[in-house]
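A.B. asks: Input file: start26.cif. Contents: mmCIF, C-alpha atoms.
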data_model
#
loop_
_atom_site.label_atom_id
_atom_site.label_comp_id
_atom_site.auth_asym_id
_atom_site.auth_seq_id
_atom_site.Cartn_x
_atom_site.Cartn_y
_atom_site.Cartn_z
CA MET P 1 40.55 73.01 -6.33
CA GLY P 2 38.96 73.57 -2.92
CA SER P 3 37.22 71.87 -0.04
CA VAL P 4 33.74 70.40 0.23
CA LEU P 5 31.93 71.65 3.35
CA VAL P 6 29.23 69.60 5.05
CA HIS P 7 26.84 71.25 7.50
CA VAL P 8 24.57 69.22 9.77
CA ALA P 9 22.03 70.89 12.06
CA SER P 10 21.04 69.09 15.26
CA ALA P 11 17.66 68.96 16.99
CA ASP P 12 19.09 70.83 20.01
CA GLY P 13 20.05 73.79 17.81
CA THR P 14 23.75 72.99 17.57
CA ALA P 15 25.48 72.27 14.29
CA VAL P 16 28.38 70.16 13.07
CA SER P 17 30.54 71.15 10.11
CA LEU P 18 33.04 68.97 8.24
CA GLU P 19 35.61 69.95 5.64
CA LEU P 20 36.68 67.38 3.05
CA GLY P 21 39.64 67.75 0.71
CA PRO P 22 39.84 66.01 -2.69
CA GLY P 23 39.67 62.25 -2.22
CA GLU P 24 38.45 62.41 1.38
CA VAL P 25 35.29 60.57 2.44
CA ALA P 26 32.59 61.16 5.06
CA ARG P 27 30.04 58.45 5.90
CA PHE P 28 26.51 59.28 7.01
CA GLY P 29 23.73 57.39 8.75
CA ARG P 30 22.37 56.52 12.18
CA GLY P 31 25.71 55.06 13.18
CA SER P 32 26.59 52.55 15.88
CA ALA P 33 29.57 51.46 17.95
CA GLU P 34 30.47 48.94 15.23
CA GLN P 35 29.75 51.37 12.36
CA PRO P 36 30.70 54.93 13.37
CA VAL P 37 29.83 57.70 10.95
CA GLU P 38 31.10 61.24 10.45
CA ILE P 39 27.61 62.60 9.69
CA ALA P 40 25.17 61.36 12.32
CA LEU P 41 21.44 61.35 11.48
CA PRO P 42 19.78 59.98 14.65
CA ASP P 43 16.50 58.67 13.31
CA PRO P 44 15.38 55.04 13.66
CA ALA P 45 14.32 54.97 9.98
CA VAL P 46 17.81 55.94 8.77
CA PRO P 47 20.15 52.98 8.14
CA ARG P 48 23.13 52.69 10.47
CA LEU P 49 25.40 53.15 7.46
CA ALA P 50 23.26 54.98 4.91
CA GLY P 51 25.92 56.17 2.50
CA GLU P 52 28.99 58.30 1.98
CA LEU P 53 30.21 61.53 0.39
CA ARG P 54 33.47 61.71 -1.52
CA ALA P 55 35.10 65.04 -2.38
CA SER P 56 36.48 65.15 -5.93
CA ASP P 57 38.18 68.32 -7.17
CA ASP P 58 35.39 70.85 -7.88
CA HIS P 59 32.44 68.56 -7.14
CA TRP P 60 31.44 65.67 -4.88
CA GLN P 61 29.96 62.21 -5.22
CA LEU P 62 27.24 60.52 -3.24
CA SER P 63 26.89 56.78 -2.61
CA ASN P 64 23.66 55.21 -1.37
CA PHE P 65 24.27 52.04 0.68
CA SER P 66 20.56 51.39 1.29
CA THR P 67 19.02 48.43 -0.53
CA SER P 68 15.52 49.94 -0.60
CA LEU P 69 15.57 53.71 0.01
CA SER P 70 16.22 56.44 -2.56
CA TYR P 71 17.82 59.69 -1.41
CA VAL P 72 17.09 63.10 -2.88
CA VAL P 73 19.67 65.83 -3.48
CA GLU P 74 17.99 69.23 -3.83
CA ASN P 75 19.35 72.46 -5.22
CA PRO P 76 18.05 75.12 -2.78
CA GLU P 77 19.18 77.87 -5.14
CA GLY P 78 17.33 76.42 -8.13
CA ALA P 79 13.71 76.28 -9.19
CA GLY P 80 12.85 72.90 -7.75
CA GLU P 81 15.87 71.12 -9.21
CA TYR P 82 16.80 67.80 -7.64
CA ILE P 83 18.36 64.46 -8.45
CA ARG P 84 17.35 61.09 -7.02
CA ILE P 85 20.05 58.69 -5.88
CA ALA P 86 18.74 55.15 -6.30
CA PRO P 87 19.40 52.36 -3.78
CA ARG P 88 22.92 50.87 -4.04
CA ARG P 89 24.08 53.65 -6.39
CA ILE P 90 27.81 54.26 -5.94
CA GLY P 91 29.66 57.48 -6.68
CA ALA P 92 26.83 59.52 -8.21
CA PRO P 93 28.27 62.95 -9.17
CA VAL P 94 26.29 65.90 -7.78
CA PRO P 95 26.23 68.96 -10.10
CA PHE P 96 25.06 71.56 -7.55
CA GLU P 97 27.47 73.95 -5.82
CA PHE P 98 25.03 74.13 -2.89
CA ALA P 99 22.92 71.07 -2.13
CA ARG P 100 20.65 69.55 0.48
CA VAL P 101 20.74 65.76 0.91
CA VAL P 102 17.37 64.47 2.12
CA LEU P 103 16.72 60.99 3.56
CA PRO P 104 13.13 59.77 4.03
CA THR P 105 11.92 58.84 7.51
CA GLN P 106 8.62 58.05 9.22
CA GLY P 107 8.39 61.61 10.54
CA ALA P 108 10.27 64.74 9.50
CA SER P 109 12.91 63.91 6.91
CA GLN P 110 16.58 63.95 7.86
CA SER P 111 18.89 66.19 5.86
CA PHE P 112 22.25 67.90 5.71
CA GLN P 113 23.77 70.56 3.49
CA VAL P 114 26.81 70.32 1.24
CA PHE P 115 28.80 73.25 -0.17
CA ALA P 116 31.07 72.39 -3.09
CA PRO P 117 33.89 74.55 -4.51
CA ALA P 118 32.98 76.95 -7.30
CA HIS P 119 32.66 75.07 -10.56
CA THR P 120 35.32 75.41 -13.23
CA TYR P 121 34.31 77.07 -16.52
CA TYR P 122 36.01 77.41 -19.89
CA ASP P 123 37.56 80.89 -20.08
CA ALA P 124 39.92 80.63 -23.06
CA PRO P 125 39.22 82.57 -26.29
CA PRO P 126 36.50 80.98 -28.45
CA LEU P 127 37.61 78.40 -30.95
CA SER P 128 37.87 79.63 -34.50
CA GLN P 129 34.66 79.14 -36.41
CA SER P 130 34.62 77.04 -39.55
CA ALA P 131 33.05 78.36 -42.71
CA GLY P 132 29.32 77.88 -43.08
CA PRO P 133 26.04 79.12 -41.62
CA ALA P 134 26.23 80.68 -38.17
CA THR P 135 24.78 78.76 -35.23
CA LEU P 136 21.27 79.93 -34.44
CA MET P 137 20.08 80.82 -30.93
CA ALA P 138 17.71 78.21 -29.55
CA PHE P 139 15.77 80.78 -27.50
CA PRO P 140 16.41 84.33 -28.79
CA LEU P 141 15.19 86.30 -25.80
CA ASP P 142 15.67 90.06 -25.36
CA GLU P 143 16.02 90.72 -21.63
CA SER P 144 15.12 94.40 -22.14
CA ALA P 145 11.76 93.57 -23.76
CA THR P 146 8.39 93.70 -22.02
CA TYR P 147 7.69 90.05 -22.84
CA PHE P 148 10.78 89.10 -20.80
CA LEU P 149 9.45 91.07 -17.82
CA VAL P 150 6.21 89.11 -18.14
CA LEU P 151 8.21 85.88 -18.22
CA VAL P 152 10.17 86.85 -15.09
CA ALA P 153 6.95 87.74 -13.27
CA LEU P 154 5.49 84.35 -14.20
CA CYS P 155 8.58 82.53 -12.91
CA GLU P 156 9.01 84.63 -9.75
CA PRO P 157 7.10 82.44 -7.25
CA ARG P 158 9.07 79.30 -8.14
CA LEU P 159 12.38 81.16 -8.16
CA ARG P 160 11.68 82.47 -4.65
CA ASP P 161 10.25 79.21 -3.32
CA MET P 162 10.92 75.95 -5.15
CA SER P 163 7.89 74.37 -3.44
CA ALA P 164 5.52 76.87 -5.08
CA SER P 165 3.31 75.16 -7.64
CA ALA P 166 0.83 77.80 -8.79
CA VAL P 167 1.80 80.03 -11.71
CA PRO P 168 0.61 83.66 -11.41
CA THR P 169 -2.60 84.52 -13.22
CA THR P 170 -2.72 87.16 -15.92
CA ARG P 171 -4.29 89.58 -13.42
CA GLN P 172 -1.51 88.92 -10.90
CA VAL P 173 1.16 89.61 -13.54
CA VAL P 174 -0.56 92.92 -14.35
CA GLU P 175 -0.51 93.91 -10.66
CA ARG P 176 3.13 92.85 -10.31
CA LEU P 177 4.30 94.95 -13.28
CA ARG P 178 1.99 97.94 -12.98
CA THR P 179 4.57 100.02 -11.08
CA HIS P 180 7.41 99.23 -13.47
CA PRO P 181 8.51 102.43 -15.27
CA THR P 182 8.11 100.81 -18.70
CA CYS P 183 4.70 99.25 -17.95
CA PRO P 184 2.46 101.96 -16.46
CA GLY P 185 -0.54 101.09 -18.61
CA ILE P 186 -0.11 97.34 -18.86
CA SER P 187 -3.37 95.41 -19.09
CA GLU P 188 -4.57 91.82 -19.06
CA PRO P 189 -4.95 91.68 -22.88
CA THR P 190 -1.38 92.99 -23.20
CA VAL P 191 -0.01 90.35 -20.82
CA SER P 192 -1.97 87.63 -22.64
CA PHE P 193 -0.47 88.84 -25.93
CA HIS P 194 3.07 88.61 -24.54
CA ILE P 195 2.43 85.12 -23.16
CA ASP P 196 1.13 84.02 -26.58
CA TYR P 197 4.19 85.58 -28.22
CA LEU P 198 6.55 83.78 -25.83
CA ALA P 199 4.82 80.45 -26.30
CA ARG P 200 4.53 80.65 -30.07
CA ASN P 201 7.59 82.57 -31.25
CA LYS P 202 10.28 82.68 -28.58
CA LEU P 203 10.03 79.44 -26.63
CA ARG P 204 7.94 77.46 -29.12
CA VAL P 205 6.19 75.43 -26.47
CA ARG P 206 3.58 72.89 -27.44
CA GLN P 207 0.29 74.74 -27.68
CA PRO P 208 -2.35 73.58 -25.16
CA GLU P 209 -5.62 72.33 -26.54
CA SER P 210 -8.43 74.83 -26.78
CA GLY P 211 -10.73 75.11 -23.79
CA GLY P 212 -11.21 76.96 -20.55
CA ARG P 213 -7.71 76.08 -19.28
CA ARG P 214 -5.92 76.98 -22.51
CA MET P 215 -4.19 80.08 -21.06
CA ASP P 216 -3.47 78.29 -17.76
CA GLY P 217 -1.72 75.48 -19.62
CA LYS P 218 0.21 77.92 -21.78
CA ARG P 219 1.48 79.88 -18.75
CA GLU P 220 2.55 76.68 -17.01
CA ALA P 221 4.33 75.40 -20.13
CA VAL P 222 6.21 78.68 -20.59
CA VAL P 223 7.36 78.74 -16.95
CA SER P 224 8.38 75.07 -16.99
CA LEU P 225 10.57 75.46 -20.09
CA ALA P 226 12.12 78.77 -18.96
CA LEU P 227 13.16 77.34 -15.59
CA ARG P 228 14.27 73.98 -16.97
CA PHE P 229 16.81 75.59 -19.32
CA GLY P 230 17.78 78.44 -16.97
CA LEU P 231 16.40 81.13 -19.28
CA VAL P 232 15.12 82.97 -16.18
CA ARG P 233 17.33 82.93 -13.12
CA GLU P 234 17.21 84.37 -9.62
CA ASP P 235 19.31 87.40 -10.65
CA HIS P 236 16.61 88.34 -13.16
CA LEU P 237 14.25 89.11 -10.27
CA ALA P 238 16.06 92.46 -9.97
CA LEU P 239 14.27 93.49 -13.17
CA LEU P 240 10.92 93.48 -11.35
CA PRO P 241 9.58 96.39 -9.28
CA THR P 242 10.51 96.36 -5.59
CA ARG P 243 7.92 94.47 -3.59
CA PRO P 244 6.05 96.44 -0.87
CA ALA P 245 7.68 95.99 2.54
CA THR P 246 4.36 94.99 4.13
CA ARG P 247 3.73 92.24 1.64
CA LEU P 248 4.78 88.67 2.40
CA GLU P 249 7.59 87.48 0.16
CA ASN P 250 5.70 84.48 -1.17
CA SER P 251 2.21 85.95 -1.17
#
Would it be possible to restate this file's structure as structure tokens?
C.D. replies:
Amino acid sequence: MGSVLVHVASADGTAVSLELGPGEVARFGRGSAEQPVEIALPDPAVPRLAGELRASDDHWQLSNFSTSLSYVVENPEGAGEYIRIAPRRIGAPVPFEFARVVLPTQGASQSFQVFAPAHTYYDAPPLSQSAGPATLMAFPLDESATYFLVLVALCEPRLRDMSASAVPTTRQVVERLRTHPTCPGISEPTVSFHIDYLARNKLRVRQPESGGRRMDGKREAVVSLALRFGLVREDHLALLPTRPATRLENS
């Protein structure tokens, strides 16, 4: 059990940090003399009392007091993950250890960051298995295989920048993996083969209809499923060759 930390950056470059113990509450909004708030978001489009955070053991809850505005809670460490908190929703649990709460405004959105304690995981010995067939793996991926390198290269832009929308082309994957010690002679037909193998045998994504965008749709479907179920994570980027120092990170 730990504390929930709230970090709010100000327009003048200063920052305010709050620490909440289990059961403690911090209200956020534009605030006023009659309705003071702990997290001030000075924008005329933000309600005076927009909502509140409540610390609860190893997570936190968000309440939306607006009758018309939805708030978004983003996971900056994920691949575009977010949850939407509907108007008048009370006590919505937030599953992210690190989150950004975003409120819509007429100009630049208002936001603040929340750091939750590390989540609790089951660490006892596995339960004894009953007799019968063994449980099959839903996605039997070999992280040492070339097809997994291709998958990581496809997912890389969205893992590095959740706002990235374009999936690398086959040619771009070839260029990304060409300097890898196990892929010196990798080619576009080889990459296309691995993408087909991932889509058909490993991830079993729905096959795009035939046509000029068939491979584009297949690449996008493979990336979407891999990121949705966490099959490729940020730590997998270490499997890729080191990027040239002169190259922009998101280029």
A.B. asks: Pick from P:Phe139, P:Tyr197, P:Phe96, P:Tyr147: nearest to Val4 of chain P, with all atoms listed in the file counted?
C.D. replies: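 Checking each candidate against Val4 of chain P, we get P:Phe96 as the closest.
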A.B. asks: Contacts of Arg30 of chain P at 10 Å or less, counting all atoms listed in the file, minus same-chain residues fewer than 4 places along, as a PDB file with C-alpha atoms, keeping the file's coordinate frame?
C.D. replies:
ATOM      1  CA  GLN P  35      29.750  51.370  12.360  1.00  0.00           C
ATOM      2  CA  PRO P  36      30.700  54.930  13.370  1.00  0.00           C
ATOM      3  CA  VAL P  37      29.830  57.700  10.950  1.00  0.00           C
ATOM      4  CA  ILE P  39      27.610  62.600   9.690  1.00  0.00           C
ATOM      5  CA  ALA P  40      25.170  61.360  12.320  1.00  0.00           C
ATOM      6  CA  LEU P  41      21.440  61.350  11.480  1.00  0.00           C
ATOM      7  CA  PRO P  42      19.780  59.980  14.650  1.00  0.00           C
ATOM      8  CA  ASP P  43      16.500  58.670  13.310  1.00  0.00           C
ATOM      9  CA  PRO P  44      15.380  55.040  13.660  1.00  0.00           C
ATOM     10  CA  ALA P  45      14.320  54.970   9.980  1.00  0.00           C
ATOM     11  CA  VAL P  46      17.810  55.940   8.770  1.00  0.00           C
ATOM     12  CA  PRO P  47      20.150  52.980   8.140  1.00  0.00           C
ATOM     13  CA  ARG P  48      23.130  52.690  10.470  1.00  0.00           C
ATOM     14  CA  LEU P  49      25.400  53.150   7.460  1.00  0.00           C
ATOM     15  CA  ALA P  50      23.260  54.980   4.910  1.00  0.00           C
TER      16      ALA P  50
END
A.B. asks: To one decimal in Å, tell me the separation between atom CA of Pro95 of chain P and atom CA of Ser66 of chain P.
C.D. replies: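 Interatomic distance, atom CA of Pro95 of chain P to atom CA of Ser66 of chain P: 21.7 Å.
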A.B. asks: Would you give the centre and edge lengths, in Å to one decimal, of a box along x, y and z around the listed atoms of segment 140-153 of chain P, with 3 Å added to each side, as JSON?
C.D. replies:
{"center_x": 11.3, "center_y": 89.4, "center_z": -21.0, "size_x": 16.2, "size_y": 16.1, "size_z": 21.5}
A.B. asks: Can you pull out the residues contacting Val16 of chain P? Cut-off 7 Å, using only C-alpha atoms, and skip same-chain residues under 6 positions away; I want them as a list in words.
C.D. replies: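 Answer for this query is His7, Val8 and Ala9 of chain P.
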A.B. asks: Residues of the last selection are to be written out with C-alpha atoms, as an mmCIF file, in the coordinates of the input.
C.D. replies:
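Full text of again28.cif as output:
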data_model
loop_
_atom_site.group_PDB
_atom_site.id
_atom_site.type_symbol
_atom_site.label_atom_id
_atom_site.label_comp_id
_atom_site.auth_asym_id
_atom_site.auth_seq_id
_atom_site.Cartn_x
_atom_site.Cartn_y
_atom_site.Cartn_z
ATOM 1 C CA HIS P 7 26.840 71.250 7.500
ATOM 2 C CA VAL P 8 24.570 69.220 9.770
ATOM 3 C CA ALA P 9 22.030 70.890 12.060
#
A.B. asks: For Ala26 of chain P, which of P:Ile83, P:Val94, P:Ala238, P:Val114 is the closest residue, counting all atoms listed in the file?
C.D. replies: P:Val114
A.B. asks: For the file shown, report as a PyMOL selection string the outcome of the PyMOL selection byres ((chain P and resi 51) around 8) at residue level.
C.D. replies: chain P and resi 27-29+49-50+52-53+62-66
A.B. asks: What separation in Å, quoted to one decimal, exists between atom CA of Gln106 of chain P and atom CA of Arg84 of chain P?
C.D. replies: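 Value for the atom CA of Gln106 of chain P-atom CA of Arg84 of chain P distance: 18.7 Å.
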A.B. asks: Tell me which protein, DNA and RNA residues are within 12 Å of Pro184 of chain P, counting only C-alpha atoms, leaving out same-chain ones fewer than 4 positions away, and put them as JSON, numbers by chain.
C.D. replies: {"P": [146, 174, 175, 176, 177, 178, 179, 180, 190, 241]}
A.B. asks: Those residues you just picked out, can you put them in a file as a JSON list (two decimals), in the coordinates of the input with C-alpha atoms?
C.D. replies:
[["chain", "number", "residue", "atom", "x", "y", "z"],
["P", 146, "THR", "CA", 8.39, 93.70, -22.02],
["P", 174, "VAL", "CA", -0.56, 92.92, -14.35],
["P", 175, "GLU", "CA", -0.51, 93.91, -10.66],
["P", 176, "ARG", "CA", 3.13, 92.85, -10.31],
["P", 177, "LEU", "CA", 4.30, 94.95, -13.28],
["P", 178, "ARG", "CA", 1.99, 97.94, -12.98],
["P", 179, "THR", "CA", 4.57, 100.02, -11.08],
["P", 180, "HIS", "CA", 7.41, 99.23, -13.47],
["P", 190, "THR", "CA", -1.38, 92.99, -23.20],
["P", 241, "PRO", "CA", 9.58, 96.39, -9.28]]
A.B. asks: I'd like the interatomic distance between atom CA of Pro117 of chain P and atom CA of Asp235 of chain P, to a tenth of an Å.
C.D. replies: 20.4 Å
